[in-house]
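Inspection log for the structure reproduced underneath, given as structure tokens.
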Amino acid sequence: MVAALTWLVPAGKYDTLVYQSQDDLFVKSSLTQSIELPATQQTLEELNIKIPIEKFLSGDIYKPIAIPNTYQELDARPQGIGALIKSPIKGIIASSDIIFLILIIGGLIGIMNLTGAFDAGIAYMSESLKGREYMLIILVTSLIAAGGTTFGLAEETMAFYPILIPVFLAAKYDAMVGLACVFLGSSIGTMCSTTNPFSTIIASDAAGINWTTGLDHRLIMLVLCLLITILYILHYARRVKSDPSKSIISEQKETIKVHFGLNSVKSTPKLNPRIKLIIVVFSLSFLLMIIGVSFLDWWFVEMTSTFLVGAIVIGFIAKVKETVFVEAFTNGASTLLGVAFLVGIARGITILMEDGLISDTILFHASNVTAGMNKGLFTNFMLFVYGGLSFFMPSSSGMAVLTMPIMAPLADTVNIGRETIVDTYLLGMGLFALINPTSLILPALAMVQIGFDKWVKFISPLLFILLLTSMVFLTLSVYAI
């Protein structure tokens, strides 16, 4: 479909500006040339970019930003059969960082399964939560949402599915409940970001405002949307627990159990000191990942290395022979190979759009449609614009730097605060991410072995409720709040 769009949508592109810290200058680029400009506030003002120079010098804005009023139509670049065939391969290469993270996590899970630590830990948690399983839903969803809203916990949640889904299954819920707690927790957190540097802070910087402007609105939406989501999951979970036949994925119950190794009858290992130490090392790997991402500027290479070292340390503690270790690690990684490929194939869609030069064209026309709108209609229109744009630009930081210099000044023309544009960007991207095939939902579903059609059936009522809530809140924010 996207390849076909490149034959129908005119090609076009904005000029971009990027700060090069090593040379202390700006580089203004078009398709035909790049020129160097002094890194000063005057340069930004001449380019009609309403962003303080300090945001570039401090490294807050490190990606190329779109320059307002520089859009130009270009010769069409339709993507043919050859480009279509090569796009998933290019996507896999471009997504190698997250692909290797997923594969190494799979290897770590394979080692954990070999030691029996998973079985012992799940049995212990099931016994501890007996009669209070609902607490698992509240805690997991809330904690992951906290990570999403503060430091952008999103891709990292791929590590949690193989660990948490068996726990939810042992608690007599279905896999959909576990998937919802992890994925929706992350989605609601990032949708209502407070201090997330990859969305709120970079978008506010690109809009030319302080990131604390509108923070109270986002906190209200975080609490409200998280409460709605938890109540929705609890309602479904209670229904499934009382009558398993009401599960949306009831016919997949045994298949999913087989996938997570819960179908076979086997003795549960005792929670002895060695098993406890293995679980501690395993948990510390995730804690170290969170600390590193939050405070030490870690990203995929450091996260992946942490899990690799964790697997090796666990292998030593469990006294696993080298050949057995390699086999278990490889088998664990192979179970997530399909998920890893899916991440790359989804990235291939974005590559087709970039090579076809249609993303900026869609952005240009979307910004022009808003002329003459009243502020209530404008605000809700922008919500849907950002939802649509997120299909073509699923990266939150990429969306912010490309669109905010274009969209934020539109707020001035309808007499609303620029923080409202940041809110529509967050909510629009966040809502559509619940069903967006170019975002993380397809890899998450593949991880849990649930079909996209089943997910849409589960999420549709909640998506409608959250959309309605967002529209009402945005309207009130420009008129009354």
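By convention in this document, the chains of the structure tokens carry letters A, B, ... by their order, each chain's residues are numbered from 1, and ligands are numbered from 1 in the order they are shown.
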
Item to check | Residues within 10 Å of range 433-443 of chain A, only C-alpha atoms, excluding chain neighbours under 2 positions, as an MDAnalysis selection string | outcome: chainID A and resid 154:155 157:158 179 183:184 187:188 191 336 338:350 387:388 390:395 427:431 445:452 455:456 459:460 462:463

Checklist entry - Where does DSSP see helix (DSSP H, G or I) in range 260-375 of chain A, if you list the residues as an NGL selection string? => result :A and (273-295 or 300-317 or 322-334 or 337-356 or 359-369 or 375)

Checklist entry - Hey, which of A:Thr424, A:Gln42, A:Leu57, A:Ala3 ends up closest to Gln20 in chain A? Count only C-alpha atoms. => result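 Counting only C-alpha atoms, the residue closest to Gln20 in chain A is A:Leu57.
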
Checklist entry - Pick the closest to Thr475 in chain A from A:Ile163, A:Leu377, A:Ala203, A:Met135: which is it, counting only C-alpha atoms? => result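 Counting only C-alpha atoms, the residue closest to Thr475 in chain A is A:Leu377.
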